[in-house]
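Student: So here's input00.txt, just compact mmCIF, C-alpha atoms:
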```
# COMPACT_ATOMS: atom_id res chain seq x y z
CA MET A 1 43.48 24.55 30.91
CA GLU A 2 42.72 28.14 31.78
CA VAL A 3 40.01 29.81 29.72
CA SER A 4 39.90 33.58 29.50
CA GLU A 5 36.48 35.13 29.99
CA GLU A 6 37.54 38.22 28.06
CA PRO A 7 36.29 38.33 24.48
CA ALA A 8 38.90 38.30 21.78
CA PRO A 9 39.58 41.79 20.51
CA GLY A 10 37.40 42.82 17.55
CA ILE A 11 34.61 40.27 18.15
CA ASP A 12 31.19 41.50 19.30
CA LEU A 13 29.42 38.86 21.37
CA THR A 14 26.28 40.89 22.04
CA PRO A 15 23.19 38.59 21.82
CA ARG A 16 21.19 39.18 18.69
CA ALA A 17 18.17 37.89 16.87
CA ALA A 18 18.26 34.48 15.18
CA VAL A 19 19.91 34.41 11.79
CA PRO A 20 17.20 34.43 9.10
CA THR A 21 18.21 31.46 6.99
CA ALA A 22 16.08 30.77 3.99
CA ALA A 23 15.54 27.21 5.20
CA ARG A 24 13.57 28.40 8.19
CA GLY A 25 11.60 31.32 6.91
CA LYS A 26 11.89 31.83 3.19
CA LYS A 27 8.13 31.72 2.76
CA LYS A 28 5.00 31.04 4.70
CA PRO A 29 4.06 27.37 4.32
CA TRP A 30 0.34 28.17 4.03
CA PHE A 31 0.25 26.56 0.60
CA ALA A 32 1.65 23.33 2.01
CA TYR A 33 -0.92 23.38 4.80
CA ALA A 34 -3.71 24.01 2.26
CA VAL A 35 -2.49 21.04 0.20
CA LEU A 36 -2.42 18.88 3.32
CA VAL A 37 -6.02 19.83 4.12
CA LEU A 38 -7.06 18.95 0.56
CA VAL A 39 -5.16 15.67 0.74
CA LEU A 40 -6.91 14.71 3.97
CA ALA A 41 -10.30 15.67 2.49
CA ALA A 42 -9.60 13.67 -0.69
CA GLY A 43 -8.47 10.66 1.36
CA GLY A 44 -11.70 10.84 3.35
CA VAL A 45 -13.80 11.01 0.18
CA PHE A 46 -11.95 8.01 -1.29
CA VAL A 47 -12.43 5.87 1.80
CA PHE A 48 -16.09 6.90 2.17
CA ASN A 49 -16.92 6.13 -1.45
CA PHE A 50 -15.04 2.85 -1.39
CA LEU A 51 -16.82 1.69 1.74
CA THR A 52 -20.21 2.91 0.49
CA ASN A 53 -19.66 1.04 -2.75
CA ALA A 54 -18.49 -2.07 -0.92
CA ILE A 55 -21.86 -2.25 0.87
CA ASP A 56 -23.31 -3.86 -2.28
CA TYR A 57 -22.46 -7.57 -2.17
CA TYR A 58 -20.46 -8.94 -5.07
CA CYS A 59 -22.05 -12.19 -6.21
CA ASN A 60 -21.50 -14.68 -9.00
CA VAL A 61 -24.67 -15.75 -10.81
CA ASP A 62 -24.57 -19.20 -9.18
CA GLU A 63 -24.43 -17.61 -5.72
CA ILE A 64 -27.84 -15.87 -6.00
CA GLY A 65 -30.11 -17.18 -3.28
CA THR A 66 -27.41 -19.45 -1.86
CA LYS A 67 -24.71 -17.15 -0.53
CA ASP A 68 -25.25 -14.76 2.38
CA GLY A 69 -26.03 -11.27 1.08
CA CYS A 70 -26.80 -12.46 -2.46
CA ASP A 71 -30.53 -12.22 -1.88
CA VAL A 72 -33.58 -11.32 -3.97
CA ASP A 73 -34.68 -7.65 -3.83
CA ARG A 74 -31.35 -6.43 -2.49
CA ASN A 75 -28.87 -4.14 -4.27
CA ILE A 76 -25.96 -6.29 -5.36
CA ARG A 77 -23.30 -6.56 -8.05
CA ILE A 78 -23.56 -9.72 -10.10
CA GLN A 79 -20.83 -11.26 -12.23
CA GLY A 80 -21.17 -13.58 -15.20
CA VAL A 81 -20.41 -14.06 -18.89
CA VAL A 82 -22.83 -12.67 -21.52
CA ASP A 83 -24.43 -15.59 -23.37
CA LYS A 84 -23.98 -15.90 -27.11
CA ASP A 85 -26.98 -14.65 -29.16
CA SER A 86 -28.71 -13.35 -26.01
CA VAL A 87 -28.27 -9.59 -26.45
CA SER A 88 -31.25 -7.59 -27.70
CA GLN A 89 -31.98 -3.87 -27.73
CA GLU A 90 -35.43 -2.22 -27.62
CA GLY A 91 -35.25 1.53 -27.43
CA SER A 92 -33.11 2.36 -24.42
CA VAL A 93 -33.64 -1.06 -22.82
CA THR A 94 -31.03 -3.76 -23.31
CA SER A 95 -31.63 -7.35 -22.34
CA PHE A 96 -29.23 -10.26 -22.24
CA VAL A 97 -28.47 -13.40 -20.26
CA ILE A 98 -25.39 -13.90 -18.08
CA THR A 99 -24.04 -17.24 -16.94
CA PHE A 100 -21.52 -18.37 -14.35
CA ASN A 101 -20.67 -21.93 -13.24
CA GLY A 102 -23.68 -23.32 -15.09
CA ALA A 103 -26.22 -20.93 -13.54
CA SER A 104 -27.91 -18.33 -15.79
CA MET A 105 -29.78 -15.09 -15.09
CA PRO A 106 -31.70 -12.87 -17.55
CA VAL A 107 -30.73 -9.20 -17.20
CA ILE A 108 -32.82 -6.14 -18.13
CA LEU A 109 -30.80 -2.96 -18.29
CA GLY A 110 -32.38 0.47 -18.58
CA SER A 111 -29.52 1.88 -20.65
CA LYS A 112 -27.25 1.10 -23.54
CA PRO A 113 -24.04 -0.65 -22.42
CA THR A 114 -20.73 1.01 -23.30
CA GLY A 115 -17.12 -0.11 -23.33
CA LEU A 116 -16.30 -3.53 -24.74
CA PHE A 117 -19.75 -4.94 -23.96
CA GLN A 118 -20.48 -7.84 -26.30
CA GLU A 119 -21.44 -11.47 -26.28
CA CYS A 120 -19.12 -13.91 -24.54
CA ILE A 121 -17.44 -11.31 -22.36
CA PRO A 122 -17.42 -11.25 -18.53
CA VAL A 123 -19.48 -8.40 -17.05
CA VAL A 124 -20.44 -7.00 -13.66
CA VAL A 125 -23.99 -5.65 -13.41
CA THR A 126 -25.24 -3.45 -10.56
CA GLY A 127 -28.92 -3.73 -9.59
CA LYS A 128 -31.23 -6.20 -7.87
CA VAL A 129 -32.72 -9.64 -8.45
CA ILE A 130 -36.49 -9.49 -8.96
CA GLU A 131 -38.76 -12.50 -8.55
CA ASP A 132 -42.08 -12.39 -10.45
CA ASP A 133 -45.37 -13.99 -9.43
CA ASN A 134 -44.43 -17.25 -11.15
CA GLY A 135 -41.24 -17.51 -9.13
CA ASP A 136 -39.06 -16.68 -12.17
CA ARG A 137 -36.08 -14.44 -11.45
CA PHE A 138 -34.46 -11.74 -13.54
CA PHE A 139 -31.89 -9.06 -12.77
CA GLU A 140 -32.94 -5.44 -13.02
CA GLY A 141 -29.65 -3.69 -13.81
CA ASP A 142 -28.69 -0.03 -13.37
CA GLU A 143 -25.18 -0.24 -14.78
CA VAL A 144 -23.07 -2.80 -16.57
CA LEU A 145 -19.27 -2.80 -16.53
CA VAL A 146 -17.12 -5.08 -18.62
CA LYS A 147 -14.68 -7.19 -16.64
CA HIS A 148 -11.96 -8.09 -19.07
CA SER A 149 -9.60 -10.92 -18.23
CA GLU A 150 -5.83 -10.44 -17.97
CA GLU A 151 -5.27 -12.32 -21.24
CA TYR A 152 -4.27 -10.50 -24.39
CA ASP A 153 -4.01 -12.01 -27.80
CA ALA A 154 -2.91 -10.55 -31.12
CA GLU A 155 -5.88 -9.82 -33.36
CA ASN A 156 -4.17 -10.83 -36.56
CA LYS A 157 -3.11 -14.37 -35.66
CA ASP A 158 -5.83 -15.93 -37.75
CA ARG A 159 -9.56 -16.35 -37.83
CA VAL A 160 -9.39 -19.79 -36.24
CA ALA A 161 -7.74 -18.39 -33.12
CA THR A 162 -10.44 -15.73 -32.84
CA ALA A 163 -13.16 -18.30 -33.15
CA ASN A 164 -11.46 -20.50 -30.55
CA GLY A 165 -11.17 -17.53 -28.20
CA GLU A 166 -14.86 -16.76 -28.45
CA ALA A 167 -15.76 -20.38 -27.94
CA GLU A 168 -13.57 -20.49 -24.86
CA ALA A 169 -15.11 -17.32 -23.41
CA CYS A 170 -18.62 -18.66 -23.93
CA SER A 171 -17.76 -22.14 -22.69
CA GLN A 172 -17.87 -20.88 -19.07
CA LYS A 173 -21.63 -21.18 -19.17
CA ASP A 174 -21.50 -24.94 -19.75
CA MET B 1 18.31 25.64 20.78
CA ASN B 2 20.67 25.80 17.89
CA THR B 3 18.90 27.69 15.16
CA MET B 4 21.73 27.59 12.70
CA THR B 5 21.63 25.20 9.79
CA PRO B 6 24.61 22.83 9.92
CA PRO B 7 26.61 22.31 6.75
CA THR B 8 24.87 19.99 4.32
CA SER B 9 26.54 17.33 2.23
CA THR B 10 28.34 18.69 -0.77
CA PRO B 11 25.98 19.38 -3.66
CA ALA B 12 26.83 18.46 -7.19
CA PRO B 13 29.16 20.86 -8.96
CA ALA B 14 27.22 23.36 -11.03
CA SER B 15 28.07 25.68 -13.86
CA PRO B 16 25.92 28.40 -15.37
CA LYS B 17 25.75 26.54 -18.67
CA HIS B 18 24.86 23.09 -17.30
CA PRO B 19 23.54 23.68 -13.81
CA THR B 20 22.65 20.07 -13.04
CA SER B 21 23.98 17.99 -15.91
CA THR B 22 27.08 15.88 -16.31
CA ARG B 23 28.35 13.80 -19.20
CA PHE B 24 26.60 10.77 -17.67
CA THR B 25 23.22 12.48 -17.30
CA ARG B 26 23.43 13.82 -20.83
CA ALA B 27 24.09 10.29 -22.12
CA LEU B 28 21.22 9.04 -19.96
CA GLY B 29 18.93 11.71 -21.37
CA VAL B 30 19.79 10.66 -24.92
CA ALA B 31 19.21 6.99 -24.02
CA SER B 32 15.81 7.91 -22.53
CA LEU B 33 14.84 9.75 -25.70
CA VAL B 34 15.90 6.81 -27.87
CA GLY B 35 13.93 4.46 -25.61
CA ILE B 36 10.82 6.61 -25.87
CA GLY B 37 11.27 6.70 -29.65
CA TRP B 38 11.32 2.90 -29.63
CA LEU B 39 8.25 2.87 -27.41
CA VAL B 40 6.37 5.11 -29.86
CA ALA B 41 7.42 2.91 -32.78
CA PHE B 42 6.52 -0.41 -31.13
CA GLY B 43 3.58 0.84 -29.09
CA LEU B 44 1.83 2.70 -31.89
CA PHE B 45 2.92 1.01 -35.11
CA LEU B 46 4.74 -2.32 -34.83
CA SER B 47 2.75 -4.19 -32.18
CA PRO B 48 -0.53 -5.83 -33.22
CA ASN B 49 -4.06 -4.97 -32.08
CA ASP B 50 -5.60 -7.07 -29.34
CA ARG B 51 -8.37 -9.48 -30.28
CA VAL B 52 -10.84 -7.85 -27.87
CA HIS B 53 -9.47 -4.37 -27.11
CA LYS B 54 -8.38 -3.72 -30.70
CA THR B 55 -6.13 -0.64 -30.78
CA GLY B 56 -7.06 0.30 -27.19
CA VAL B 57 -4.48 -2.23 -25.97
CA ARG B 58 -1.78 0.34 -26.75
CA ILE B 59 -2.63 2.25 -23.57
CA LEU B 60 -1.14 -0.75 -21.77
CA TYR B 61 2.36 0.23 -22.93
CA ILE B 62 2.09 3.52 -21.01
CA HIS B 63 -0.15 2.45 -18.14
CA VAL B 64 1.79 -0.56 -16.85
CA PRO B 65 5.31 0.98 -17.07
CA SER B 66 4.18 4.19 -15.36
CA ALA B 67 2.54 2.19 -12.54
CA TRP B 68 5.68 0.11 -12.03
CA LEU B 69 7.86 3.20 -12.08
CA ALA B 70 5.65 4.84 -9.48
CA TYR B 71 6.08 1.77 -7.26
CA LEU B 72 9.84 1.90 -7.83
CA ALA B 73 9.99 5.63 -7.12
CA PHE B 74 8.06 5.28 -3.87
CA GLY B 75 10.21 2.31 -2.91
CA VAL B 76 13.37 4.38 -3.48
CA THR B 77 11.83 7.17 -1.39
CA GLY B 78 11.21 4.68 1.41
CA ILE B 79 14.72 3.22 1.29
CA ALA B 80 16.40 6.64 1.11
CA SER B 81 14.26 7.82 4.04
CA GLY B 82 15.29 4.79 6.06
CA LEU B 83 18.94 5.51 5.28
CA TYR B 84 18.47 9.10 6.45
CA LEU B 85 16.90 8.02 9.74
CA TRP B 86 19.63 5.46 10.38
CA LYS B 87 22.33 7.33 12.27
CA ARG B 88 25.27 5.59 10.58
CA THR B 89 24.19 6.68 7.12
CA ARG B 90 22.47 9.96 7.97
CA SER B 91 23.04 12.51 5.23
CA LEU B 92 20.85 15.13 3.60
CA MET B 93 21.77 13.51 0.30
CA TRP B 94 19.34 10.67 1.18
CA ASP B 95 16.62 13.17 2.05
CA ARG B 96 17.00 14.95 -1.29
CA LEU B 97 17.00 11.62 -3.14
CA ALA B 98 13.80 10.66 -1.30
CA GLY B 99 12.16 13.97 -2.20
CA ALA B 100 13.24 13.86 -5.84
CA SER B 101 12.09 10.27 -6.24
CA ALA B 102 8.70 11.03 -4.66
CA GLU B 103 8.16 13.97 -7.03
CA VAL B 104 8.87 11.80 -10.06
CA GLY B 105 6.77 8.99 -8.55
CA VAL B 106 3.79 11.33 -8.20
CA LEU B 107 4.23 12.29 -11.86
CA PHE B 108 4.21 8.63 -12.95
CA MET B 109 1.29 7.82 -10.64
CA GLY B 110 -0.66 10.67 -12.24
CA ILE B 111 0.07 9.22 -15.68
CA THR B 112 -1.08 5.83 -14.37
CA LEU B 113 -4.39 7.23 -13.16
CA VAL B 114 -5.11 9.21 -16.34
CA SER B 115 -4.16 6.36 -18.69
CA GLY B 116 -6.09 3.90 -16.49
CA SER B 117 -9.13 6.13 -16.62
CA LEU B 118 -8.99 6.22 -20.43
CA TRP B 119 -8.50 2.47 -20.46
CA GLY B 120 -11.53 2.09 -18.18
CA ARG B 121 -13.73 4.10 -20.53
CA ILE B 122 -12.69 2.01 -23.52
CA SER B 123 -12.74 -1.34 -21.76
CA TRP B 124 -15.18 -1.29 -18.84
CA GLY B 125 -17.44 1.52 -20.10
CA THR B 126 -16.66 4.04 -17.35
CA TYR B 127 -13.85 6.46 -16.55
CA TRP B 128 -13.98 5.68 -12.85
CA THR B 129 -15.47 3.20 -10.44
CA TRP B 130 -14.77 2.73 -6.71
CA ASP B 131 -12.96 -0.51 -7.32
CA ALA B 132 -10.31 -1.65 -4.81
CA ARG B 133 -7.35 -1.21 -7.20
CA LEU B 134 -8.50 2.20 -8.41
CA THR B 135 -9.31 3.51 -4.95
CA THR B 136 -6.05 2.35 -3.36
CA THR B 137 -4.07 3.80 -6.29
CA ALA B 138 -5.80 7.17 -5.94
CA PHE B 139 -5.18 7.02 -2.19
CA LEU B 140 -1.48 6.33 -2.79
CA PHE B 141 -1.33 9.27 -5.20
CA VAL B 142 -2.78 11.77 -2.70
CA THR B 143 -0.64 10.32 0.11
CA TYR B 144 2.53 11.22 -1.79
CA ILE B 145 1.14 14.65 -2.68
CA GLY B 146 0.73 15.00 1.09
CA TYR B 147 4.33 13.81 1.55
CA LEU B 148 5.55 16.55 -0.80
CA ALA B 149 3.48 19.11 1.12
CA VAL B 150 5.02 17.91 4.40
CA ARG B 151 8.47 18.47 2.91
CA ASP B 152 7.49 22.10 2.29
CA LEU B 153 6.24 22.92 5.77
CA GLY B 154 9.35 24.91 6.65
CA GLY B 155 12.00 24.44 9.35
CA THR B 156 15.63 23.51 8.94
CA HIS B 157 16.81 20.98 6.39
CA GLN B 158 17.18 18.43 9.18
CA GLN B 159 13.66 19.02 10.47
CA ARG B 160 12.30 18.63 6.95
CA ALA B 161 14.31 15.47 6.43
CA ARG B 162 13.29 13.85 9.71
CA ARG B 163 9.52 14.43 9.47
CA SER B 164 9.30 13.55 5.77
CA ALA B 165 11.39 10.39 6.29
CA VAL B 166 8.95 9.18 8.94
CA MET B 167 6.01 9.89 6.65
CA ALA B 168 7.71 8.16 3.70
CA LEU B 169 8.25 5.00 5.76
CA LEU B 170 4.54 4.94 6.59
CA ALA B 171 3.40 5.81 3.06
CA VAL B 172 5.46 3.10 1.37
CA LEU B 173 3.38 0.50 3.23
CA GLU B 174 0.52 1.39 0.88
CA VAL B 175 2.42 0.10 -2.17
CA PRO B 176 1.88 -3.64 -1.42
CA LEU B 177 -1.73 -2.81 -0.55
CA VAL B 178 -2.23 -1.37 -4.04
CA HIS B 179 -0.37 -4.17 -5.78
CA TYR B 180 -2.19 -7.03 -4.02
CA SER B 181 -5.62 -5.35 -4.00
CA VAL B 182 -6.54 -7.36 -7.11
CA LYS B 183 -5.97 -10.56 -5.14
CA TRP B 184 -7.40 -9.50 -1.77
CA TRP B 185 -10.68 -8.07 -3.12
CA ARG B 186 -12.84 -8.96 -6.14
CA PRO B 187 -12.17 -5.87 -8.21
CA LEU B 188 -13.16 -4.93 -11.71
CA HIS B 189 -9.48 -4.38 -12.46
CA GLN B 190 -7.83 -7.38 -14.01
CA ASN B 191 -5.18 -9.53 -12.30
CA GLU B 192 -1.51 -9.42 -13.23
CA THR B 193 -0.87 -9.94 -16.93
CA VAL B 194 2.93 -10.04 -17.11
CA GLU B 195 3.54 -12.13 -13.99
CA GLU B 196 0.93 -14.66 -15.14
CA GLY B 197 2.44 -14.86 -18.63
CA LYS B 198 -0.76 -13.70 -20.36
CA LEU B 199 1.01 -11.46 -22.86
CA SER B 200 3.40 -12.59 -25.56
CA GLY B 201 5.23 -11.72 -28.76
CA LEU B 202 5.47 -8.11 -29.87
CA MET B 203 2.90 -7.01 -27.30
CA LEU B 204 5.12 -8.24 -24.46
CA PHE B 205 8.22 -6.76 -26.12
CA SER B 206 6.52 -3.36 -26.48
CA LEU B 207 5.65 -3.45 -22.80
CA PHE B 208 9.29 -4.14 -21.87
CA VAL B 209 10.44 -1.31 -24.14
CA GLY B 210 8.06 0.92 -22.16
CA ILE B 211 9.39 -0.29 -18.80
CA ILE B 212 13.04 0.15 -19.81
CA SER B 213 12.60 3.60 -21.39
CA PHE B 214 10.50 4.85 -18.46
CA THR B 215 13.13 3.55 -16.03
CA LEU B 216 15.87 5.46 -17.86
CA LEU B 217 13.66 8.54 -17.83
CA TYR B 218 13.04 8.08 -14.09
CA VAL B 219 16.77 7.88 -13.29
CA TRP B 220 17.46 10.92 -15.46
CA LEU B 221 14.69 12.98 -13.85
CA VAL B 222 15.65 11.98 -10.30
CA MET B 223 19.34 12.79 -10.83
CA HIS B 224 18.52 16.24 -12.13
CA ARG B 225 15.85 16.92 -9.56
CA GLN B 226 17.94 15.89 -6.56
CA ARG B 227 20.74 18.15 -7.82
CA VAL B 228 18.25 21.03 -8.06
CA LEU B 229 17.17 20.28 -4.49
CA ALA B 230 20.86 20.28 -3.44
CA LEU B 231 21.30 23.70 -5.07
CA ASN B 232 18.18 24.95 -3.27
CA ASP B 233 19.64 23.81 0.04
CA GLN B 234 22.92 25.46 -0.90
CA VAL B 235 21.09 28.74 -1.54
CA ASP B 236 19.37 28.40 1.84
CA ASP B 237 22.71 27.84 3.57
CA ARG B 238 24.27 30.72 1.67
CA GLY B 239 21.65 32.95 3.27
CA LEU B 240 23.15 31.99 6.61
CA ASP B 241 26.75 32.52 5.43
CA VAL B 242 25.87 35.95 4.01
CA ALA B 243 24.22 36.97 7.28
CA LEU B 244 27.24 35.79 9.28
CA ALA B 245 29.63 37.63 6.99
CA ALA B 246 27.56 40.80 7.30
CA ARG B 247 27.62 40.44 11.06
CA ARG B 248 31.40 40.04 11.05
CA GLU B 249 31.76 43.15 8.94
CA GLU B 250 29.74 45.11 11.46
CA SER B 251 32.21 44.35 14.24
```
For the file at hand, write its structure as structure tokens.
Tutor:
Amino acid sequence: MEVSEEPAPGIDLTPRAAVPTAARGKKKPWFAYAVLVLVLAAGGVFVFNFLTNAIDYYCNVDEIGTKDGCDVDRNIRIQGVVDKDSVSQEGSVTSFVITFNGASMPVILGSKPTGLFQECIPVVVTGKVIEDDNGDRFFEGDEVLVKHSEEYDAENKDRVATANGEAEACSQKD
Amino acid sequence: MNTMTPPTSTPAPASPKHPTSTRFTRALGVASLVGIGWLVAFGLFLSPNDRVHKTGVRILYIHVPSAWLAYLAFGVTGIASGLYLWKRTRSLMWDRLAGASAEVGVLFMGITLVSGSLWGRISWGTYWTWDARLTTTAFLFVTYIGYLAVRDLGGTHQQRARRSAVMALLAVLEVPLVHYSVKWWRPLHQNETVEEGKLSGLMLFSLFVGIISFTLLYVWLVMHRQRVLALNDQVDDRGLDVALAARREES
């Protein structure tokens, strides 16, 4: 087929600048770049804090002195259930006993616990195990966080159910 | 290099009175409102207090549905992005669906983080801790904010679609990481409640009301938002058509 190299009458084929579609240049994407920088910075902060926090070993009470990393005089996080009738408060110091798998540990906390802290509830305490001259150990805590289980139960079932629930929560120490 | 924007898939019909709505979306909007009304009734008044959390348990009816909806939204973004990258199904419609779903997902993830933080204060005693579930959730949230920023970096619709689709396919890999973080680490965050059957009666029903009404709201928001994105693309393309018409008039 023969193609004419002559332009069709009335059509200007002079080269010209690119058509300015809104999709390509409607605005400078500096805001998007700024958001990306912030996102990268935030991601870095998250990873750093997570890893820094993960340095502290996470130990159950029965693992103290037996599991690697769960040593005396080392910053750790310890998990156990608060013993019934063990919580006492003197000024800003709170003391209680936590138990897990039959092993117990007295805890001295230099602050007042918040959240759902109460007897018979699982907690995670940050701090270190101290051994006194007599060889007795206690946990010097900086912070206590309540670790609630995934179970939920209606409050108004009846008093017996509540009592059973508490007994069950505290039975972990036996 | 071809600098012209090829025609996009046909956007939804629009009228000045109802720019992005149809009879279906209006019905969906009403259903969402009714669902949220039910959620308020069951979540705040009809469901009982928890034995330990007391009235604080009601945050659960917002927190869990919004987290699940964020997962769903990011999953839809991933699937739509995959469909865009696959040559046989390539259409800007998938890109706009991915973008709209990610926007709504970020909204729900934000609600998840705020409600979770309030829950943490009531339950654990702190608004925030660098727990595995919390950290991975926050990471997922900023990843999708980054995804939305990447969509706005400029270029043609196709360039936007291609680069954001690749990022969405990478970002969606974080979702299982967040979900299983409670099993893979020893976090403060509790394990699954619904999957383990640890919730029952009106409390479980209220949670399902939340999930259903939030899902309806998600579909409604995504439909409207992807139509707005289609109209935006149409405006962009119209810029090209106007310039071409002006050029023709010159000659």
Student: I want to know what sits within 7 Å of B:Val104, based on all atoms listed in the file, with residues of the same chain fewer than 5 positions away left out; could you give that as a VMD selection string?
Tutor: chain B and resid 73 218 222
Student: Just checking: using all atoms listed in the file, which residue out of A:Asp71, A:Glu90, A:Glu119, A:Glu140 ends up closest to chain B?
Tutor: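 Residue with the minimum atom-to-atom distance to chain B: A:Glu119.
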Student: Hey, what's within 7 Å of stretch 135-140 of chain B if we count only C-alpha atoms and toss same-chain stuff fewer than 5 positions away? As a PyMOL selection string, please?
Tutor: (chain A and resi 43+46+50) or (chain B and resi 130+174+178)
Student: Please determine, counting only C-alpha atoms, which residue among B:Thr55, B:Ser66, B:Thr193, B:Ser81 has the shortest atom-to-atom distance to B:Leu217.
Tutor: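 Closest to B:Leu217 of all the choices is B:Ser66.
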Student: List as a Markdown table every residue of chain B that is in contact with chain A, defined as an atom at most 8 Å from one of its atoms (using only C-alpha atoms), together with the nearest atom pair and the distance in Å rounded to one decimal, sorted by chain and then rising number.
Tutor:
```
| residue | atom | partner | partner_atom | distance |
| --- | --- | --- | --- | --- |
| B:Thr3 | CA | A:Ala18 | CA | 6.8 |
| B:Met4 | CA | A:Val19 | CA | 7.1 |
| B:Thr5 | CA | A:Thr21 | CA | 7.7 |
| B:Pro48 | CA | A:Ala154 | CA | 5.7 |
| B:Asn49 | CA | A:Glu155 | CA | 5.3 |
| B:Asp50 | CA | A:Ala154 | CA | 4.7 |
| B:Arg51 | CA | A:Glu155 | CA | 4.0 |
| B:Val52 | CA | A:Leu116 | CA | 7.6 |
| B:His53 | CA | A:Leu116 | CA | 7.3 |
| B:Lys54 | CA | A:Glu155 | CA | 7.1 |
| B:Gly120 | CA | A:Gly115 | CA | 7.9 |
| B:Arg121 | CA | A:Gly115 | CA | 6.1 |
| B:Ile122 | CA | A:Gly115 | CA | 4.9 |
| B:Ser123 | CA | A:Gly115 | CA | 4.8 |
| B:Trp124 | CA | A:Val146 | CA | 4.3 |
| B:Gly125 | CA | A:Gly115 | CA | 3.6 |
| B:Thr126 | CA | A:Gly115 | CA | 7.3 |
| B:Trp130 | CA | A:Phe50 | CA | 5.3 |
| B:Asp131 | CA | A:Phe50 | CA | 7.1 |
| B:Ala132 | CA | A:Phe50 | CA | 7.4 |
| B:Thr135 | CA | A:Phe46 | CA | 6.4 |
| B:Ala138 | CA | A:Phe46 | CA | 7.8 |
| B:Phe139 | CA | A:Gly43 | CA | 6.1 |
| B:Val142 | CA | A:Val39 | CA | 5.7 |
| B:Thr143 | CA | A:Val39 | CA | 7.0 |
| B:Ile145 | CA | A:Val39 | CA | 7.2 |
| B:Gly146 | CA | A:Leu36 | CA | 5.5 |
| B:Ala149 | CA | A:Ala32 | CA | 4.7 |
| B:Val150 | CA | A:Ala32 | CA | 6.8 |
| B:Asp152 | CA | A:Ala32 | CA | 6.0 |
| B:Leu153 | CA | A:Pro29 | CA | 5.2 |
| B:Gly154 | CA | A:Arg24 | CA | 5.7 |
| B:Gly155 | CA | A:Arg24 | CA | 4.4 |
| B:Thr156 | CA | A:Ala23 | CA | 5.3 |
| B:His157 | CA | A:Ala23 | CA | 6.5 |
| B:Arg186 | CA | A:Tyr58 | CA | 7.7 |
| B:Leu188 | CA | A:Lys147 | CA | 5.6 |
| B:His189 | CA | A:Lys147 | CA | 7.2 |
| B:Gln190 | CA | A:Glu150 | CA | 5.4 |
| B:Asn191 | CA | A:Glu150 | CA | 5.8 |
| B:Glu192 | CA | A:Glu150 | CA | 6.5 |
| B:Thr193 | CA | A:Glu150 | CA | 5.1 |
| B:Lys198 | CA | A:Glu151 | CA | 4.8 |
| B:Leu199 | CA | A:Tyr152 | CA | 5.6 |
| B:Ser200 | CA | A:Asp153 | CA | 7.8 |
| B:Met203 | CA | A:Ala154 | CA | 7.8 |
| B:Asp233 | CA | A:Ala23 | CA | 7.4 |
| B:Val235 | CA | A:Ala22 | CA | 7.7 |
| B:Asp236 | CA | A:Ala22 | CA | 4.6 |
| B:Asp237 | CA | A:Thr21 | CA | 6.7 |
| B:Gly239 | CA | A:Thr21 | CA | 5.3 |
| B:Leu240 | CA | A:Thr21 | CA | 5.0 |
| B:Ala243 | CA | A:Val19 | CA | 6.7 |
| B:Leu244 | CA | A:Val19 | CA | 7.9 |
| B:Arg248 | CA | A:Ile11 | CA | 7.8 |
| B:Ser251 | CA | A:Asp12 | CA | 5.9 |
```
Student: For each of A:Val125, A:Ile64, A:Ile108, A:Ile98, take the minimum atom-to-atom distance to A:Ile78, counting all atoms listed in the file, then give the residue where this is smallest.
Tutor: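 Of A:Val125, A:Ile64, A:Ile108, A:Ile98, the one nearest A:Ile78 is A:Val125, counting all atoms listed in the file.
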Student: To one decimal place in Å, what is the distance between atom CA of B:Val40 and atom CA of B:Ser101?
Tutor: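 Atom CA of B:Ser101 lies 24.8 Å from atom CA of B:Val40.
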Student: I'd like the neighbourhood of A:Ser92 as a list in words, where a residue qualifies if any of its atoms comes within 7 Å (using all atoms listed in the file), though same-chain residues fewer than 6 positions away should be ignored.
Tutor: Gly110, Ser111 and Lys112 of chain A
Student: Deliver the residues from the most recent selection as a file, using C-alpha atoms, as an mmCIF file, in the coordinates of the input.
Tutor:
```cif
data_model
loop_
_atom_site.group_PDB
_atom_site.id
_atom_site.type_symbol
_atom_site.label_atom_id
_atom_site.label_comp_id
_atom_site.auth_asym_id
_atom_site.auth_seq_id
_atom_site.Cartn_x
_atom_site.Cartn_y
_atom_site.Cartn_z
ATOM 1 C CA GLY A 110 -32.380 0.470 -18.580
ATOM 2 C CA SER A 111 -29.520 1.880 -20.650
ATOM 3 C CA LYS A 112 -27.250 1.100 -23.540
#
```
Student: Here is a test: counting all atoms listed in the file, which residue of A:Leu109, A:Asp62, A:Asp68, A:Arg77 is nearest to A:Thr126?
Tutor: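 Smallest distance to A:Thr126 is found for A:Arg77.
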Student: Considering all atoms listed in the file, return as a list in words whatever protein or nucleic-acid residues lie within 7 Å of B:Arg96, sequence-local ones (same chain, fewer than 4 positions apart) excluded.
Tutor: Leu92, Ala100, Gln226, Leu229 and Ala230 of chain B
Student: With C-alpha atoms retained, export the selected residues as a PDB file, in the frame of the given file.
Tutor:
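Dumped to result-v9.pdb:
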```pdb
ATOM      1  CA  LEU B  92      20.850  15.130   3.600  1.00  0.00           C
ATOM      2  CA  ALA B 100      13.240  13.860  -5.840  1.00  0.00           C
ATOM      3  CA  GLN B 226      17.940  15.890  -6.560  1.00  0.00           C
ATOM      4  CA  LEU B 229      17.170  20.280  -4.490  1.00  0.00           C
ATOM      5  CA  ALA B 230      20.860  20.280  -3.440  1.00  0.00           C
TER       6      ALA B 230
END
```
